[in-house]
Amino acid sequence: MRGRNLPYLLIAPAVIFLAVLFFIPLVQTIALAFETRSGPGLGNFVRMADDLNFHDAVVNTFRFVGLAVPLQLAAALGMAMMLRHLGKGRDLVLWIWTIPLGLSDLAAGLIWLAILNDKGYLASLLFHLGIVSEPQSWLTYESPFALFVAVVIAEFWRATAIVIVILVAGLQLVPKEYAEAASVFGASPWRIFTRITLPLMKPSIQSALILRTVLAFEAFAVVIAIGGRNFPVLVSEAYNWQNFNQEPSVAAAYAVVVMGLSLAATALWLRLLRTPAEQRG
Amino acid sequence: MKRRTALRLSAALLAATLATGEACAADLVFTSGALAPVQEAQKMRTIILKDYIGTVSFLPDEPPAMLTRLRAEFQGNARVSSVVGANDGDLAVLAPTGALAPIDDLAAQLAGRGFAPDLMAMGKLGTEHQMYIPWMQATYFMVANKKALPYLPAGADLNALTFEQLRAWGEAVQKATGKRLVGFPAGPNGLMHRFFQGFLLPSYTGGVVSTFKSADAEKAWTEFAALWKTVTPNSTSINFMQESLLSDDVWIGFDHVARLLGALEKRPDDFVAFPAPAGPKGRGWMPVVVGLSILKDAPDPAGARALISYLTQDTTQLITAREVGFFPTVRATLPPDLSPGLKMAVSAIQNTGGAKDSLAAMLPSGLGAKGGEFNKVFLDTFQRVVLRGEPVHEVLARQGETLQRIMTDANAPCWKPDPASSGACQVK
Amino acid sequence: MSGKRALYLAGIAVVCAWVLVPLWFIAANALGGQAVISAWPKPFIPDAFSLVTLGEFLAIEGVFRAMLIGIEVAVLCTIFSVLLGLPAGYALARYTFRGANAFRLMVLLTRAFPVGILALPLTVGFIRLGLYDTPLGIALMHTALALPFAVLVSASLFQAIPRELEEAAWVFGCSPFQAAIRVVMPLALPGVSAVAIFAFVISWNEVFAASVLSARNRTLTAYLLAMLSESPLTYQFAGGLLLIVPSVLFIFLVRKHLFAMWGIASR
């Protein structure tokens with residue numbers, strides 16, 4: 001009996017904590033999204049969907065999450081593997097790679113604006129190389145593709161560190177003997193990576209993907225800093241409705257959509273990267 | 001061992017914060033949505049509030065966070081802030097929630113200060129009672145880099161510029177430099193909506209709401225779209241024109257005085273300041289008011305009144321003007337010893353209000369919490385007509401419906417320069 | 001072989017540069033001032049450095065106190081996150097129980113729902129609980145935001161630690177609790193430090209909740225950022241640089257623990 005209740009006892013503090021602090025406002029806000037003057041209904045969602053920027057925001061959000069998250073996972077996996085073969089100085093290198101984690105959104109936005117704006121470091125570099133002779137406007141509504149790439153690069157720089165930390169911590173627990181044994185039997189490094197290391201890291205990869213996807217749906221400070229008014233995403237629209245249009249109920253509708261997408265993505269990762277019970281340690 | 005050090009450290013930290021927390025528990029809390037930038041806040045604390053008899057915690061915030069916090073303090077019954085200083089539009093959002101205390105008696109008591117009557121009237125926020133006391137005023141104007149002056153169209157007078165001449169000027173600059181160097185603050189935190197409400201539309205149509213769908217309004221938007229061809233495409237990311245002016249990305253820019261002053265103060269010799277252009281119906285311009293309100297059930301109502309009285313006496317008002325570039329709301333003559341940048345701003349503002357064709361457009365009033373949606377109508381129209389090139393007539397018809405719905409919902413009567421209305425203002 | 005090694009080290013160096021060069025730019029702009037910010041072409045090394053703007057920040061009234069509060073809040077948040085997150089993560093990793101996935105989703109809600117949209121009811125709730133304008137209140141809020149990391153990351157690590165190790169400890173007479181503490185915890189140390197890093201950094205950099213939940217008692221980030229976003233770029237760069245330092249130092253201090261165990265096999 002005690003054994004069956006134990007997991008519930010272990011999660012109880014976290015559940016109680018969230019219930020007391022977080023769930024009442026959450027429920028109130030979700031209710032607000034479904035509240036209209038004529039009673040409960042979808043009025044706020046209709047207003048949201050009718051809005052000028054809604055379509056762009058949906059498209060931008062999916063393009064952004066769809067490109068940034070896989071890129072970050074691939075890069076972080078590569079970086080975690082690189083660290084593994086490093087002897088001395090390993091933790092110094094890891095520290096450098098995780099520095100962006102410590103940056104506020106404001107700082108990250110400033111940095112990338114200083115790099116990518118008309119007279120930024122990128123344009124200056126190209127100037128010194130003799131490729132351009134004038135400041136370059138990349139971040140305007142007239143060049144939406146460049147703007148999109150810029151937003152993805154900035155987010156890639158800022159938020160890959162979080163994936164690295166999770167994967168590095170996970171990689172610690174993958175026993176080296178398996179790889180060594182496979183190597184004795186003549187397996188190529190790539191085969192060892194895909195057949196042994198990767199499957200053993202599945203729990204960490206799953207966590208990293210879940211957290212990163214959820215955060216990517218929520219990212220907006222850097223997006224606004226670089227994209228201005230020209231790259232609306234769902235969350236930035238939610239904040240616009242909340243702060244500038246003073247319509248908390250439409251903002252809540254946007255927030256419910258963001259939440260729905262995040263949870264759907266999480267459910268997807270939980271299913272796709274499931275570790276069957278019999279394989280657990 | 002290590003753990004003990006950590007424990008001791010956190011205990012010391014805790015003690016330190018508790019001690020400092022107690023030390024200022026008796027302060028009067030002055031929450032502000034204005035003067036939030038670092039330098040202004042610092043001047044507020046160390047210079048403007050220096051001679052006040054009590055101790056004040058000046059807490060500047062970005063307006064959205066400030067509004068949320070004050071509403072929460074009110075709803076949750078936590079009385080922390082006593083005074084709030086904010087833009088007219090932000091106070092208009094707070095008033096309908098009941099968070100502000102009516103201060104008719106304070107207004108009567110301070111009547112001898114010589115407040116401008118229309119500013120004092122705005123402080124009622126469309127209610128029966130005085131909801132704020134006008135604290136500071138400001139407006140918008142234009143600043144140009146002196147490098148742009150040679151391209152000014154022949155016969156144009158900087159202080160009597162028209163929209164037509166502005167476009168010709170922008171085109172001449174573009175022709176000479178190959179770059180679009182006119183700038184508007186159309187970024188996500190920019191104040192572009194005020195340009196449409198207080199400058200473009202009044203200048204072309206003589207109104208804002210009632211004339212929203214008129215042929216004059218169509219002309220205004222069409223000609224602005226033509227002007228936009230000379231405007232830097234970065235404009236949709238510009239929130240503060242001073243940065244763009246200082247980096248030479250913009251040679252001719254429009255913005256709020258507080259968002260231009262930085263450039264004028266830093267390089268007064270490189271810039272000129274002048275009124276925004278005029279259209280067929282006059283030189284539309286919008287005075288801006290920052291008000292002071294007392295929160296309902298404030299922890300220190302007497303202190304709050306004393307602070308407002310202090311901030312609106314003429315000596316403090318002049319210090320405020322000199323230090324942060326917001327102008328007096330009371331009768332007071334600015335001293336001649338202003339900094340060169342501030343002097344330019346003052347003369348641009350005086351040239352705006354004193355122009356022969358001057359046409360003052362008031363801040364939207366009576367909209368309450370609908371103020372944000374009201375602004376969105378103008379920004380959406382801008383986005384569709386100017387940025388996306390949709391047909392003007394259809395856009396104005398569609399946005400006009402939204403505008404009418406907002407006016408009817410808020411039951412807001414017209415404000416100047418629209419002709420007075422009985423009942424909600426009508427989009428004609 | 002040595003050619004390969006050189007290539008590999010070059011790769012590491014390139015990645016380091018990718019991270020560090022943009023950081024250098026924020027420092028160059030903060031120390032070079034307006035001259036650098038509006039220069040074309042931009043100098044990669046400013047001609048003149050000045051600490052004036054940074055100094056002005058440190059001279060702002062209340063900065064030191066806000067820094068103490070910021071550190072206190074971040075430390076509290078780190079402690080709470082570990083205390084709440086680790087047991088929950090252990091439960092998810094070791095037991096198959098009904099509602100496990102529901103719990104996972106529930107923990108994620110604090111991140112899946114944009115917190116700024118919750119601000120008003122959230123703050124009212126905190127006021128009712130008497131937590132408004134206290135460092136403890138902000139720390140609890142930040143813990144809610146850090147909990148998804150604490151729970152999911154520790155769960156994925158516990159999952160990778162073989163259960164046999166614990167069972168072996170039981171055989172040697174440890175109670176399940178002792179086994180968890182003495183055998184599993186040391187192995188899970190990288191995870192604990194990852195959780196700590198996330199919690200500290202999230203708390204240190206969080207602005208919005210901190211600024212609506214506090215008035216007099218502000219964390220440094222909330223205290224400065226409220227002023228920063230409307231300030232000239234010179235101040236934004238200087239403030240941005242200043243705020244990076246503490247969290248980067250913290251990551252530096254705990255980085256070693258991320259490599260606490262070099263794989264079970266390497267013992």
# chains A, B, ... in the order shown; residues from 1 in each chain; ligands from 1
>>> closest_atom_pairs(of="chain C", to="chain A", cutoff="6 Å", atoms="only C-alpha atoms", output="tab-separated table")
residue	atom	partner	partner_atom	distance
C:Ile26	CA	A:Ile111	CA	5.6
C:Trp40	CA	A:Lys119	CA	5.8
C:Pro41	CA	A:Ser124	CA	4.8
C:Lys42	CA	A:Ser124	CA	5.7
C:Leu84	CA	A:Ala14	CA	5.4
C:Pro87	CA	A:Leu10	CA	5.1
C:Ala88	CA	A:Ile11	CA	4.4
C:Ala91	CA	A:Pro7	CA	4.8
C:Ala112	CA	A:Met259	CA	4.8
C:Phe113	CA	A:Met259	CA	5.0
C:Pro121	CA	A:Pro25	CA	5.0
C:Leu122	CA	A:Pro25	CA	5.2
C:Leu152	CA	A:Ser207	CA	5.8
C:Ser156	CA	A:Pro203	CA	4.8
C:Leu157	CA	A:Gly170	CA	5.9
C:Pro162	CA	A:Gly281	CA	4.1
C:Arg163	CA	A:Gly281	CA	4.9
C:Pro190	CA	A:Ala169	CA	5.3
C:Gly191	CA	A:Ala169	CA	5.7
C:Val201	CA	A:Gly102	CA	5.6
C:Asn205	CA	A:Ser104	CA	5.2
C:Gly240	CA	A:Ala107	CA	4.8
C:Ile244	CA	A:Leu103	CA	5.4
C:Ser247	CA	A:Gly102	CA	5.1
C:Val248	CA	A:Gly102	CA	5.4
C:Leu258	CA	A:Ala169	CA	6.0
C:Trp262	CA	A:Gln172	CA	5.6
C:Gly263	CA	A:Gln172	CA	4.8
C:Ile264	CA	A:Pro175	CA	5.5
C:Ala265	CA	A:Pro175	CA	5.1
>>> interface_residues(of="chain B", to="chain A", cutoff="8 Å", atoms="only C-alpha atoms", output="PyMOL selection string")
chain B and resi 64+186-188+233-234+236-238+369-376+380
>>> write_last_selection(atoms="C-alpha atoms", output="JSON list (two decimals), in the first residue's frame")
[["chain", "number", "residue", "atom", "x", "y", "z"],
["B", 64, "PRO", "CA", 1.61, 48.30, -18.55],
["B", 186, "ALA", "CA", 6.14, 53.38, -35.80],
["B", 187, "GLY", "CA", 7.86, 50.66, -33.73],
["B", 188, "PRO", "CA", 5.94, 48.45, -31.29],
["B", 233, "PRO", "CA", 11.84, 51.30, -43.83],
["B", 234, "ASN", "CA", 13.34, 50.97, -40.34],
["B", 236, "THR", "CA", 8.43, 50.19, -38.11],
["B", 237, "SER", "CA", 11.11, 49.34, -35.54],
["B", 238, "ILE", "CA", 11.75, 52.86, -34.24],
["B", 369, "ALA", "CA", -10.40, 51.43, -21.02],
["B", 370, "LYS", "CA", -11.24, 51.67, -24.74],
["B", 371, "GLY", "CA", -8.30, 54.02, -25.32],
["B", 372, "GLY", "CA", -6.07, 51.16, -26.44],
["B", 373, "GLU", "CA", -8.57, 49.85, -28.95],
["B", 374, "PHE", "CA", -9.09, 53.38, -30.22],
["B", 375, "ASN", "CA", -5.36, 53.66, -30.94],
["B", 376, "LYS", "CA", -5.43, 50.31, -32.67],
["B", 380, "ASP", "CA", -4.44, 49.16, -38.28]]
>>> closest_residue(among="C:Leu9, C:Leu31, C:His142, C:Ile127", to="Arg79 of chain B", atoms="only C-alpha atoms")
C:Ile127
>>> closest_atom_pairs(of="chain B", to="chain C", cutoff="9 Å", atoms="only C-alpha atoms", output="CSV")
residue,atom,partner,partner_atom,distance
B:Ser10,CA,C:Glu72,CA,7.1
B:Leu13,CA,C:Leu68,CA,6.5
B:Leu14,CA,C:Glu72,CA,7.0
B:Ala16,CA,C:Leu68,CA,7.9
B:Thr17,CA,C:Ile69,CA,6.4
B:Thr20,CA,C:Arg65,CA,7.5
B:Gly21,CA,C:Asn217,CA,7.2
B:Cys24,CA,C:Arg216,CA,8.4
B:Ala25,CA,C:Arg216,CA,8.5
B:Val29,CA,C:Arg216,CA,8.1
B:Thr31,CA,C:Ala215,CA,8.4
B:Leu35,CA,C:Met227,CA,8.6
B:Ala36,CA,C:Met227,CA,5.0
B:Pro37,CA,C:Ser231,CA,4.4
B:Val38,CA,C:Met227,CA,5.2
B:Gln39,CA,C:Ser231,CA,7.7
B:Glu40,CA,C:Ser231,CA,8.8
B:Ala41,CA,C:Met227,CA,7.6
B:Gln42,CA,C:Ile60,CA,6.7
B:Arg45,CA,C:Glu61,CA,8.2
B:Thr46,CA,C:Glu61,CA,8.8
B:Ser57,CA,C:Arg216,CA,7.6
B:Leu59,CA,C:Ala215,CA,7.3
B:Pro60,CA,C:Ala226,CA,6.8
B:Asp61,CA,C:Ala226,CA,5.0
B:Glu62,CA,C:Ala226,CA,5.7
B:Ala65,CA,C:Val212,CA,5.9
B:Met66,CA,C:Val212,CA,7.3
B:Thr68,CA,C:Leu120,CA,5.6
B:Arg69,CA,C:Val212,CA,5.0
B:Leu70,CA,C:Val212,CA,8.7
B:Arg71,CA,C:Leu120,CA,7.4
B:Ala72,CA,C:Val124,CA,5.0
B:Glu73,CA,C:Val124,CA,7.0
B:Phe74,CA,C:Val124,CA,8.6
B:Gln75,CA,C:Val124,CA,6.5
B:Gly76,CA,C:Val124,CA,4.8
B:Asn77,CA,C:Ile127,CA,7.6
B:Ala78,CA,C:Ile127,CA,6.4
B:Val80,CA,C:Ala215,CA,7.7
B:Ser81,CA,C:Ala215,CA,8.2
B:Asn239,CA,C:Glu230,CA,9.0
B:Phe240,CA,C:Glu230,CA,8.2
B:Gln242,CA,C:Pro232,CA,8.0
B:Glu243,CA,C:Pro232,CA,7.1
B:Ser244,CA,C:Ser38,CA,8.6
B:Leu246,CA,C:Ser38,CA,6.6
B:Ser247,CA,C:Ser38,CA,4.2
B:Asp248,CA,C:Ser38,CA,7.6
B:Asp249,CA,C:Ser38,CA,9.0
B:Arg259,CA,C:Glu230,CA,8.9
B:Gly262,CA,C:Pro232,CA,7.5
>>> residues_around(residues="segment 204-212 of chain B", least_positions_apart="5", cutoff="6 Å", atoms="only C-alpha atoms", output="VMD selection string")
chain B and resid 217 220 279 to 281 417 to 418 426 to 428
>>> write_last_selection(atoms="C-alpha atoms", output="compact mmCIF listing (two decimals), in the first residue's frame")
# COMPACT_ATOMS: atom_id res chain seq x y z
CA ALA B 217 -9.39 61.65 -44.73
CA ALA B 220 -4.75 62.45 -45.92
CA GLY B 279 -2.30 70.44 -44.10
CA PRO B 280 -5.25 72.07 -45.87
CA LYS B 281 -7.20 72.54 -42.60
CA PRO B 417 -11.21 69.55 -32.93
CA ASP B 418 -14.30 67.43 -33.72
CA GLN B 426 -20.50 59.81 -34.66
CA VAL B 427 -18.24 58.73 -37.51
CA LYS B 428 -19.72 60.40 -40.53
